[in-house]
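Trainee: Please find entry30.txt (compact mmCIF, C-alpha atoms) on the next line:
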```txt
# COMPACT_ATOMS: atom_id res chain seq x y z
CA MET A 1 -41.71 -6.43 -60.87
CA SER A 2 -39.62 -9.29 -62.20
CA GLU A 3 -38.28 -12.63 -61.05
CA HIS A 4 -34.58 -13.39 -60.92
CA ARG A 5 -32.45 -16.35 -60.01
CA LEU A 6 -28.99 -16.61 -58.46
CA ASP A 7 -26.97 -19.81 -58.42
CA ALA A 8 -24.74 -19.70 -55.32
CA ARG A 9 -24.18 -23.43 -55.08
CA ARG A 10 -20.80 -24.66 -53.83
CA LEU A 11 -19.96 -21.19 -52.54
CA LEU A 12 -19.12 -20.93 -48.87
CA CYS A 13 -20.34 -18.17 -46.60
CA PRO A 14 -20.03 -15.28 -46.83
CA MET A 15 -19.80 -15.60 -50.64
CA PRO A 16 -23.53 -16.44 -51.10
CA VAL A 17 -24.35 -13.32 -49.08
CA ILE A 18 -21.97 -11.18 -51.14
CA ARG A 19 -23.40 -12.49 -54.43
CA THR A 20 -26.95 -11.86 -53.15
CA GLN A 21 -26.03 -8.34 -52.07
CA ASP A 22 -24.33 -7.52 -55.37
CA ARG A 23 -27.24 -8.92 -57.39
CA ILE A 24 -29.89 -7.04 -55.42
CA LYS A 25 -28.01 -3.77 -56.05
CA ASP A 26 -29.16 -3.98 -59.67
CA LEU A 27 -32.76 -4.97 -58.91
CA ALA A 28 -35.78 -2.75 -58.28
CA PRO A 29 -37.96 -2.68 -55.15
CA GLY A 30 -40.59 -5.41 -55.40
CA ASP A 31 -38.44 -7.67 -57.59
CA ILE A 32 -38.10 -11.28 -56.47
CA LEU A 33 -34.73 -13.00 -56.25
CA GLU A 34 -34.46 -16.75 -55.78
CA VAL A 35 -31.08 -17.83 -54.40
CA ILE A 36 -29.94 -21.46 -54.46
CA CYS A 37 -27.13 -22.42 -52.05
CA THR A 38 -25.46 -25.51 -50.69
CA ASP A 39 -23.67 -24.03 -47.64
CA PRO A 40 -26.05 -24.55 -44.70
CA GLY A 41 -24.67 -21.31 -43.19
CA ALA A 42 -26.50 -19.40 -45.90
CA SER A 43 -29.85 -20.25 -44.34
CA ASN A 44 -28.83 -18.07 -41.37
CA ASP A 45 -26.69 -15.48 -43.05
CA ILE A 46 -28.89 -14.49 -45.99
CA PRO A 47 -32.00 -13.99 -43.81
CA ALA A 48 -29.88 -11.93 -41.36
CA TRP A 49 -28.52 -9.86 -44.22
CA CYS A 50 -32.09 -9.29 -45.51
CA ARG A 51 -33.34 -8.15 -42.08
CA ILE A 52 -30.45 -5.68 -41.71
CA ASN A 53 -30.80 -4.22 -45.16
CA GLY A 54 -34.58 -4.01 -45.40
CA HIS A 55 -35.42 -6.84 -47.78
CA SER A 56 -38.14 -9.43 -47.11
CA LEU A 57 -37.41 -13.10 -46.95
CA LEU A 58 -40.47 -14.77 -48.46
CA SER A 59 -39.34 -18.35 -47.89
CA CYS A 60 -36.35 -20.52 -47.11
CA HIS A 61 -36.52 -24.24 -47.56
CA GLU A 62 -34.43 -27.25 -48.45
CA ARG A 63 -34.90 -29.05 -51.77
CA ASP A 64 -32.79 -32.09 -52.69
CA GLY A 65 -29.99 -31.07 -50.33
CA GLU A 66 -30.00 -27.51 -51.63
CA ILE A 67 -31.26 -24.43 -49.82
CA VAL A 68 -33.65 -22.23 -51.77
CA LEU A 69 -34.36 -18.71 -50.52
CA ARG A 70 -36.88 -16.31 -52.02
CA ILE A 71 -36.29 -12.63 -51.37
CA GLU A 72 -38.42 -9.64 -52.17
CA VAL A 73 -36.25 -6.58 -52.75
CA GLY A 74 -37.15 -3.76 -50.36
CA GLY A 75 -37.30 -0.04 -51.01
CA ASP A 76 -34.33 2.10 -50.02
CA MET B 77 -27.07 20.61 -41.50
CA SER B 78 -27.79 17.04 -42.51
CA LYS B 79 -26.81 14.19 -40.27
CA ARG B 80 -23.14 13.22 -40.50
CA LYS B 81 -22.39 9.71 -41.72
CA ALA B 82 -19.65 7.30 -40.71
CA VAL B 83 -18.64 3.97 -42.18
CA SER B 84 -17.44 1.48 -39.57
CA LEU B 85 -15.10 -1.47 -40.14
CA ILE B 86 -17.01 -4.38 -38.62
CA SER B 87 -15.04 -7.56 -37.95
CA GLY B 88 -17.67 -9.31 -35.89
CA GLY B 89 -15.61 -8.93 -32.70
CA LEU B 90 -16.32 -6.84 -29.65
CA ASP B 91 -14.06 -3.83 -30.26
CA SER B 92 -15.55 -2.73 -33.56
CA MET B 93 -18.99 -3.27 -32.06
CA LEU B 94 -18.21 -0.97 -29.12
CA ALA B 95 -16.57 1.65 -31.34
CA THR B 96 -19.67 1.71 -33.54
CA LYS B 97 -22.07 1.90 -30.62
CA THR B 98 -20.06 4.79 -29.15
CA ILE B 99 -20.52 6.78 -32.36
CA LEU B 100 -24.16 5.77 -32.85
CA GLU B 101 -24.84 7.18 -29.37
CA GLN B 102 -23.65 10.55 -30.58
CA GLY B 103 -26.38 10.70 -33.21
CA ILE B 104 -24.18 9.84 -36.18
CA HIS B 105 -25.62 7.68 -38.98
CA VAL B 106 -23.36 4.63 -39.17
CA GLU B 107 -23.20 1.81 -41.71
CA GLY B 108 -20.87 -1.16 -41.41
CA ILE B 109 -18.38 -2.52 -43.91
CA ASN B 110 -16.81 -5.96 -43.73
CA PHE B 111 -14.14 -7.40 -45.99
CA PHE B 112 -13.90 -11.00 -47.16
CA THR B 113 -10.25 -11.81 -47.84
CA GLY B 114 -10.66 -15.60 -48.07
CA PHE B 115 -8.75 -15.98 -44.80
CA CYS B 116 -11.64 -15.00 -42.57
CA VAL B 117 -12.41 -17.44 -39.79
CA GLU B 118 -16.03 -17.76 -40.69
CA GLY B 119 -19.05 -19.92 -40.22
CA HIS B 120 -18.06 -22.08 -43.14
CA THR B 121 -15.43 -24.04 -41.26
CA HIS B 122 -18.19 -24.94 -38.81
CA ALA B 123 -20.49 -25.69 -41.69
CA ILE B 124 -17.98 -28.10 -43.21
CA ARG B 125 -17.17 -30.13 -40.13
CA LYS B 126 -20.09 -32.16 -39.01
CA ARG B 127 -19.07 -32.34 -35.38
CA ASP B 128 -19.36 -28.57 -35.14
CA GLN B 129 -22.86 -28.42 -36.55
CA LYS B 130 -24.50 -27.93 -33.18
CA LYS B 131 -22.76 -24.58 -32.79
CA PRO B 132 -24.62 -21.65 -34.30
CA LYS B 133 -23.44 -21.05 -37.82
CA ARG B 134 -23.94 -17.33 -37.66
CA ASN B 135 -21.74 -14.80 -39.39
CA ASN B 136 -20.52 -12.60 -36.56
CA ALA B 137 -20.27 -9.42 -38.62
CA LEU B 138 -23.91 -9.78 -39.69
CA TRP B 139 -24.89 -10.58 -36.14
CA VAL B 140 -23.12 -7.49 -34.79
CA ALA B 141 -24.75 -5.27 -37.42
CA GLU B 142 -28.16 -6.63 -36.47
CA GLN B 143 -27.53 -6.05 -32.78
CA LEU B 144 -26.50 -2.48 -33.52
CA GLY B 145 -29.34 -1.90 -35.98
CA ILE B 146 -27.05 -0.81 -38.80
CA LYS B 147 -26.67 -1.85 -42.42
CA LEU B 148 -23.70 -4.02 -43.33
CA HIS B 149 -21.92 -4.11 -46.65
CA ILE B 150 -19.74 -7.17 -47.22
CA ILE B 151 -17.05 -6.63 -49.82
CA ASP B 152 -15.26 -9.38 -51.70
CA VAL B 153 -11.57 -8.39 -51.75
CA VAL B 154 -10.13 -11.85 -52.46
CA GLU B 155 -8.31 -10.80 -55.64
CA GLU B 156 -7.00 -7.45 -54.41
CA TYR B 157 -5.91 -8.98 -51.14
CA LYS B 158 -3.29 -11.13 -52.86
CA SER B 159 -0.92 -8.20 -53.29
CA VAL B 160 -1.33 -7.35 -49.59
CA LEU B 161 -0.42 -10.86 -48.49
CA LEU B 162 2.24 -11.59 -51.10
CA ASN B 163 4.16 -8.31 -50.89
CA PRO B 164 3.51 -6.57 -47.59
CA ARG B 165 5.57 -3.38 -47.34
CA HIS B 166 5.74 -3.75 -43.58
CA GLY B 167 6.34 -7.50 -43.51
CA TYR B 168 4.64 -10.19 -41.46
CA GLY B 169 3.85 -10.71 -37.81
CA ALA B 170 4.53 -13.92 -35.90
CA ASN B 171 3.00 -16.01 -38.72
CA MET B 172 1.96 -15.11 -42.28
CA ASN B 173 -0.12 -12.20 -40.99
CA PRO B 174 0.60 -8.89 -42.75
CA CYS B 175 -1.44 -7.01 -40.13
CA LEU B 176 -0.16 -3.50 -40.73
CA ASP B 177 -0.49 -3.60 -44.52
CA CYS B 178 -3.83 -5.34 -44.13
CA LYS B 179 -5.31 -2.65 -41.90
CA GLY B 180 -4.02 0.07 -44.21
CA PHE B 181 -5.63 -1.76 -47.14
CA MET B 182 -8.98 -2.12 -45.39
CA VAL B 183 -9.09 1.50 -44.31
CA ARG B 184 -8.22 2.54 -47.87
CA LYS B 185 -11.08 0.40 -49.22
CA ALA B 186 -13.38 1.93 -46.60
CA LEU B 187 -12.23 5.38 -47.73
CA GLU B 188 -13.14 4.57 -51.34
CA TRP B 189 -16.56 3.37 -50.18
CA MET B 190 -16.97 6.49 -48.03
CA GLU B 191 -16.29 8.76 -50.99
CA GLU B 192 -18.53 6.81 -53.38
CA ASN B 193 -21.41 6.86 -50.94
CA GLY B 194 -21.11 10.42 -49.64
CA PHE B 195 -20.10 9.52 -46.10
CA ASP B 196 -17.96 11.80 -43.90
CA PHE B 197 -15.55 9.68 -41.89
CA ILE B 198 -14.36 6.18 -41.00
CA ILE B 199 -14.33 4.46 -37.63
CA THR B 200 -12.47 1.37 -36.44
CA GLY B 201 -12.28 -0.56 -33.18
CA GLU B 202 -8.52 -0.13 -32.90
CA VAL B 203 -7.00 0.23 -29.43
CA ILE B 204 -3.44 1.42 -28.76
CA GLY B 205 -1.25 -1.48 -27.69
CA GLN B 206 -3.91 -4.11 -28.32
CA ARG B 207 -2.17 -5.98 -31.11
CA PRO B 208 1.59 -6.37 -31.48
CA MET B 209 1.87 -5.22 -35.08
CA SER B 210 -0.95 -3.00 -36.27
CA GLN B 211 -2.32 -1.50 -33.07
CA ARG B 212 0.63 0.36 -31.61
CA ARG B 213 1.14 4.03 -30.88
CA ASP B 214 3.68 4.25 -33.71
CA THR B 215 1.68 2.21 -36.26
CA LEU B 216 -1.78 3.79 -35.88
CA PRO B 217 -0.57 6.96 -37.67
CA VAL B 218 0.98 4.78 -40.41
CA ILE B 219 -2.45 3.28 -41.12
CA ALA B 220 -4.10 6.71 -41.20
CA ARG B 221 -1.43 8.06 -43.56
CA GLU B 222 -0.90 5.13 -45.92
CA SER B 223 -4.63 4.48 -46.36
CA GLY B 224 -5.09 8.12 -47.35
CA ALA B 225 -7.83 8.50 -44.74
CA ASN B 226 -5.65 10.77 -42.57
CA ASP B 227 -7.77 12.70 -40.08
CA ARG B 228 -11.02 11.24 -41.38
CA LEU B 229 -10.10 8.06 -39.52
CA LEU B 230 -11.48 8.06 -35.99
CA ARG B 231 -10.75 5.36 -33.38
CA PRO B 232 -13.47 5.91 -30.77
CA LEU B 233 -12.00 3.45 -28.25
CA CYS B 234 -8.64 5.24 -27.92
CA ALA B 235 -9.35 8.65 -29.51
CA LYS B 236 -8.57 10.56 -26.32
CA LEU B 237 -4.99 9.30 -26.47
CA LEU B 238 -4.56 10.47 -30.07
CA PRO B 239 -4.56 13.92 -31.68
CA PRO B 240 -8.09 15.22 -32.46
CA THR B 241 -9.39 14.07 -35.86
CA LEU B 242 -11.57 16.02 -38.27
CA PRO B 243 -14.90 14.76 -36.85
CA GLU B 244 -13.77 15.88 -33.39
CA ARG B 245 -12.42 19.27 -34.50
CA GLU B 246 -15.54 20.01 -36.53
CA GLY B 247 -17.72 19.08 -33.58
CA TRP B 248 -19.49 16.24 -35.42
CA VAL B 249 -18.59 14.08 -32.46
CA ASP B 250 -17.86 15.07 -28.87
CA ARG B 251 -14.30 14.07 -28.03
CA GLU B 252 -15.17 14.01 -24.34
CA ARG B 253 -17.55 11.12 -24.91
CA LEU B 254 -14.92 9.01 -26.69
CA HIS B 255 -12.57 6.63 -24.86
CA ASP B 256 -8.96 6.25 -23.75
CA PHE B 257 -8.45 2.48 -23.86
CA SER B 258 -4.95 1.11 -24.25
CA GLY B 259 -3.08 -2.15 -23.78
CA ARG B 260 -4.07 -5.76 -24.03
CA SER B 261 -6.44 -5.81 -21.06
CA ARG B 262 -10.02 -6.48 -22.11
CA LYS B 263 -11.48 -5.04 -18.90
CA PRO B 264 -12.41 -1.58 -20.24
CA GLN B 265 -14.16 -3.25 -23.19
CA MET B 266 -16.05 -5.59 -20.86
CA ARG B 267 -17.18 -2.64 -18.74
CA LEU B 268 -18.32 -0.68 -21.78
CA ALA B 269 -20.13 -3.75 -23.15
CA ALA B 270 -21.94 -4.08 -19.82
CA ARG B 271 -22.85 -0.39 -19.88
CA PHE B 272 -24.31 -0.79 -23.36
CA GLY B 273 -26.12 -3.94 -22.21
CA LEU B 274 -24.32 -6.07 -24.80
CA LYS B 275 -24.02 -9.78 -24.08
CA ASP B 276 -23.11 -12.89 -26.06
CA TYR B 277 -20.52 -11.16 -28.24
CA ALA B 278 -17.83 -13.12 -30.08
CA GLN B 279 -14.35 -13.19 -28.56
CA PRO B 280 -12.15 -14.98 -31.09
CA ALA B 281 -8.85 -15.74 -29.35
CA GLY B 282 -6.51 -15.25 -32.30
CA GLY B 283 -8.58 -12.61 -33.99
CA CYS B 284 -10.73 -13.36 -37.00
CA CYS B 285 -8.03 -14.23 -39.52
CA PHE B 286 -6.46 -17.60 -40.35
CA LEU B 287 -3.14 -15.91 -41.18
CA THR B 288 -2.44 -15.40 -37.47
CA ASP B 289 -2.72 -19.17 -37.03
CA LYS B 290 0.58 -21.07 -37.08
CA SER B 291 -0.56 -24.33 -38.60
CA TYR B 292 -2.55 -22.53 -41.28
CA SER B 293 0.47 -20.36 -42.12
CA ASP B 294 2.67 -23.46 -42.33
CA ARG B 295 0.29 -24.99 -44.88
CA LEU B 296 0.31 -21.81 -46.94
CA VAL B 297 4.12 -21.65 -47.00
CA ASP B 298 4.26 -25.35 -47.90
CA LEU B 299 1.91 -24.68 -50.83
CA TRP B 300 4.17 -21.92 -52.14
CA GLN B 301 7.31 -23.97 -51.72
CA ALA B 302 5.82 -26.99 -53.48
CA ARG B 303 4.62 -24.92 -56.42
CA ASP B 304 7.78 -22.85 -56.48
CA ARG B 305 5.70 -19.70 -56.72
CA ARG B 306 4.00 -17.46 -54.20
CA ASP B 307 0.44 -17.30 -55.45
CA TYR B 308 -2.95 -18.78 -54.65
CA GLU B 309 -6.53 -19.08 -55.76
CA LEU B 310 -9.55 -18.95 -53.49
CA ASP B 311 -9.97 -22.73 -53.80
CA ASP B 312 -6.39 -23.27 -52.58
CA ILE B 313 -6.83 -21.25 -49.42
CA MET B 314 -10.25 -22.78 -48.74
CA LEU B 315 -8.78 -26.28 -48.94
CA LEU B 316 -6.03 -25.31 -46.47
CA LYS B 317 -8.80 -25.06 -43.87
CA VAL B 318 -10.11 -28.57 -44.50
CA GLY B 319 -8.87 -32.09 -43.78
CA ARG B 320 -5.60 -33.67 -42.77
CA HIS B 321 -2.71 -32.50 -44.98
CA LEU B 322 0.18 -34.89 -45.64
CA ARG B 323 3.16 -34.39 -47.92
CA PRO B 324 4.89 -37.79 -48.10
CA ARG B 325 7.12 -36.69 -51.03
CA PRO B 326 8.05 -33.22 -52.30
CA GLY B 327 6.06 -33.69 -55.52
CA PHE B 328 2.59 -34.21 -54.09
CA LYS B 329 0.34 -33.53 -51.15
CA MET B 330 -2.67 -35.47 -49.89
CA ILE B 331 -5.75 -33.81 -48.40
CA ILE B 332 -7.57 -36.46 -46.40
CA GLY B 333 -11.16 -35.85 -45.26
CA ARG B 334 -11.50 -36.36 -41.51
CA GLU B 335 -15.23 -36.95 -41.41
CA GLN B 336 -18.34 -36.96 -43.52
CA GLY B 337 -18.80 -33.20 -43.62
CA GLU B 338 -15.28 -32.64 -44.92
CA ASN B 339 -15.57 -35.48 -47.44
CA LYS B 340 -18.77 -33.96 -48.76
CA PHE B 341 -17.19 -30.54 -49.07
CA MET B 342 -14.14 -32.00 -50.80
CA GLU B 343 -16.35 -33.85 -53.32
CA GLY B 344 -16.86 -30.49 -54.97
CA TYR B 345 -13.16 -30.46 -55.92
CA ARG B 346 -13.03 -33.88 -57.59
CA ARG B 347 -12.81 -32.42 -61.06
CA GLN B 348 -9.85 -30.20 -60.16
CA PHE B 349 -7.76 -32.85 -58.40
CA MET B 350 -6.73 -36.42 -58.86
CA HIS B 351 -8.50 -38.23 -56.01
CA MET B 352 -8.66 -41.55 -54.22
CA HIS B 353 -11.16 -43.47 -52.15
CA THR B 354 -11.28 -47.00 -50.84
CA THR B 355 -13.77 -49.33 -52.55
CA SER B 356 -13.45 -52.51 -50.45
CA CYS B 357 -14.36 -50.69 -47.22
CA PRO B 358 -15.59 -47.25 -46.09
CA GLY B 359 -12.90 -44.59 -46.02
CA PRO B 360 -12.12 -40.94 -46.58
CA LEU B 361 -12.05 -38.99 -49.81
CA VAL B 362 -8.45 -38.01 -50.58
CA LEU B 363 -7.49 -35.21 -52.97
CA ILE B 364 -4.00 -35.38 -54.48
CA ASP B 365 -2.35 -32.04 -55.20
CA GLY B 366 0.70 -32.39 -57.45
CA ARG B 367 1.90 -35.01 -59.92
CA PRO B 368 2.88 -38.26 -58.20
CA ASP B 369 4.65 -40.89 -60.31
CA GLU B 370 3.49 -44.53 -60.33
CA GLN B 371 5.50 -45.47 -57.24
CA GLU B 372 4.30 -42.41 -55.34
CA LEU B 373 0.74 -43.18 -56.40
CA GLU B 374 1.00 -46.55 -54.73
CA LEU B 375 2.34 -44.93 -51.57
CA ALA B 376 -0.60 -42.50 -51.65
CA ALA B 377 -3.01 -45.43 -52.05
CA ARG B 378 -1.43 -47.20 -49.06
CA ILE B 379 -1.82 -44.04 -46.98
CA THR B 380 -5.43 -43.70 -48.13
CA ALA B 381 -6.00 -47.31 -47.01
CA ARG B 382 -4.34 -46.52 -43.69
CA PHE B 383 -6.94 -43.83 -42.98
CA SER B 384 -9.86 -46.06 -44.04
CA GLN B 385 -11.82 -48.55 -41.97
CA GLY B 386 -9.79 -51.30 -43.63
CA ARG B 387 -6.59 -50.18 -41.91
CA ASP B 388 -6.18 -53.57 -40.19
CA GLN B 389 -6.86 -55.66 -43.28
CA ALA B 390 -4.09 -57.26 -45.33
CA ARG B 391 -5.25 -55.75 -48.63
CA VAL B 392 -7.52 -52.83 -49.44
CA ARG B 393 -8.79 -51.76 -52.85
CA VAL B 394 -8.37 -48.09 -53.68
CA ALA B 395 -9.90 -46.31 -56.68
CA VAL B 396 -7.70 -43.68 -58.28
CA THR B 397 -9.45 -41.12 -60.48
CA ASP B 398 -7.57 -38.62 -62.57
CA ARG B 399 -8.69 -35.09 -63.45
CA ASN B 400 -10.44 -36.37 -66.59
CA GLY B 401 -12.61 -38.65 -64.47
CA VAL B 402 -10.83 -41.84 -65.60
CA SER B 403 -10.70 -44.38 -62.76
CA ARG B 404 -8.68 -47.48 -62.06
CA GLU B 405 -8.22 -49.64 -59.00
CA LEU B 406 -5.12 -50.49 -57.01
CA GLU B 407 -4.96 -53.24 -54.42
CA VAL B 408 -2.54 -52.29 -51.65
CA ALA B 409 -1.49 -53.10 -48.10
CA PRO B 410 -2.41 -50.26 -45.72
CA LEU B 411 0.72 -48.42 -44.62
CA PRO B 412 1.57 -49.30 -40.99
CA PRO B 413 1.09 -46.29 -38.67
CA GLN B 414 4.78 -46.20 -37.71
CA ASP B 415 5.69 -45.72 -41.37
CA ILE B 416 3.82 -42.44 -41.54
CA ALA B 417 6.59 -39.98 -40.72
CA PRO B 418 5.54 -37.15 -38.41
CA GLU B 419 7.14 -34.61 -40.75
CA TRP B 420 4.71 -35.62 -43.50
CA HIS B 421 1.98 -33.83 -41.59
CA ILE B 422 1.64 -30.18 -42.51
```
Output the structure of this file as structure tokens.

Mentor:
Amino acid sequence: MSEHRLDARRLLCPMPVIRTQDRIKDLAPGDILEVICTDPGASNDIPAWCRINGHSLLSCHERDGEIVLRIEVGGD
Amino acid sequence: MSKRKAVSLISGGLDSMLATKTILEQGIHVEGINFFTGFCVEGHTHAIRKRDQKKPKRNNALWVAEQLGIKLHIIDVVEEYKSVLLNPRHGYGANMNPCLDCKGFMVRKALEWMEENGFDFIITGEVIGQRPMSQRRDTLPVIARESGANDRLLRPLCAKLLPPTLPEREGWVDRERLHDFSGRSRKPQMRLAARFGLKDYAQPAGGCCFLTDKSYSDRLVDLWQARDRRDYELDDIMLLKVGRHLRPRPGFKMIIGREQGENKFMEGYRRQFMHMHTTSCPGPLVLIDGRPDEQELELAARITARFSQGRDQARVRVAVTDRNGVSRELEVAPLPPQDIAPEWHI
């Protein structure tokens, strides 16, 4: 299990979702990915994408005007 | 025999949702695919404009996938899409919309995905006669042929009006339980939605693409004319969705933030564009695209002052910052409203 980070700041939806999706493709189940975004839409879209595709959203909160999401990669 | 698998083009609208549900009901495993061209009418325009922030900022394609209980794969096709938009073999529709080439492109991308992932066929929400360019009796076969999908492309909403496709002939799906929708009426879709118990679905009036929008298309053509070359980057087409666009002279364009949300979004582009803002009073952020000379710069500053809260003052101070971040201040008289020619607006 390893921790990873994705900088999706300044990207507009659905780009943060696409980057998250493409990054998770290369990760293993149980890995943690932290995604940092600035588009408020990401706080809806990334959790929705996680629910659909079987990944767990551990947390989603705002920090200095940025949205930080922590995702645990699910099994296939 | 293992379960057959279909990949479904999900736009976020009702038709692709109904087409997918129709196939799911027949016991087929379906996963969705959605393409981001850069022209998608998406949540981000709501996210940018503050006055729209009360509306839900959901992505409709993701929402549809969740309602249907299917996976959704969103594919970034921004780069590849340029050749579709810039050189469409079948030309454009009423605006800059290359609908027929676009659908062929998307089905071809879905075919590639289908082959890479071991799926069996492709479904779309197309309906004969629904859209003037791409969804006609004579153009549906063009899409099937030019995409290379041929008879692995199934349109569940109008399949009964078309020759049987491979999934129907092989008995993977029951043709009798597909549909025979045609024309622009939405009534059959509404009835089917009610039968499936679907509510609250998105019904975008002009579809889900900015290229079918006249004012957006005008801005895109203006961009090409001004640069003397038909090309674009993602940032260009994003900025066409934001702000008030004025071209007071052929050599430069102004993008003027209309409210706080747009100004904040545009701040991210300050290093790529010369920009202006008023310093003696609150006002918008203005990005300058092009290379105005000194006289034009003053005109731009007067227009910037005109759209600030100092519009009724005799003099307003405007900071001009170039791409290297070097600033200087101009003191100008706001341009009177009658001096802003209507044709400057794009």

Trainee: Which residue out of A:Gly75, A:Gly54, A:Pro16, A:Gly41 has the minimum interatomic distance to chain B when only C-alpha atoms are used?

Mentor: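 Smallest separation from chain B among the options: A:Gly41.
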
Trainee: At a cut-off of 6 Å, can you tabulate as JSON lines every residue of chain A near chain B together with its closest atom pair and the distance in Å to one decimal, using all atoms listed in the file and ordering rows by chain then number?

Mentor:
```
{"residue": "A:Leu12", "atom": "CA", "partner": "B:His120", "partner_atom": "CA", "distance": 5.9}
{"residue": "A:Cys13", "atom": "CA", "partner": "B:His120", "partner_atom": "CA", "distance": 5.7}
{"residue": "A:Gly41", "atom": "CA", "partner": "B:Lys133", "partner_atom": "CA", "distance": 5.5}
{"residue": "A:Ile52", "atom": "CA", "partner": "B:Lys147", "partner_atom": "CA", "distance": 5.4}
{"residue": "A:Asn53", "atom": "CA", "partner": "B:Lys147", "partner_atom": "CA", "distance": 5.5}
```

Trainee: Using the selection just defined, write its residues with C-alpha atoms as a PDB file, keeping the file's coordinate frame.

Mentor:
```
ATOM      1  CA  LEU A  12     -19.120 -20.930 -48.870  1.00  0.00           C
ATOM      2  CA  CYS A  13     -20.340 -18.170 -46.600  1.00  0.00           C
ATOM      3  CA  GLY A  41     -24.670 -21.310 -43.190  1.00  0.00           C
ATOM      4  CA  ILE A  52     -30.450  -5.680 -41.710  1.00  0.00           C
ATOM      5  CA  ASN A  53     -30.800  -4.220 -45.160  1.00  0.00           C
TER       6      ASN A  53
END
```

Trainee: Atom CA of Glu252 of chain B to atom CA of Pro240 of chain B: how many Å, to one decimal?

Mentor: 10.8 Å

Trainee: Each side padded by 3 Å, which centre and which edge lengths in Å (one decimal) define the axis-aligned box around the listed atoms of segment 39-44 of chain A? Give them as lines of an AutoDock Vina configuration file.

Mentor:
```
center_x = -26.8
center_y = -21.3
center_z = -44.5
size_x = 12.2
size_y = 12.5
size_z = 12.3
```

Trainee: Please indicate the distance in Å from atom CA of Leu176 of chain B to atom CA of Gln211 of chain B, rounded to one decimal place.

Mentor: 8.2 Å

Trainee: Work out how far apart atom CA of Phe383 of chain B and atom CA of Ala417 of chain B are and give it in Å to one decimal.

Mentor: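 Those two atoms sit 14.2 Å apart.
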
Trainee: List the neighbours of segment 22-37 of chain A out to 8 Å using all atoms listed in the file; skip same-chain residues closer than 4 positions along the sequence, and give me the result as number ranges by chain.

Mentor: A: 1-11, 16, 18, 42, 66-76
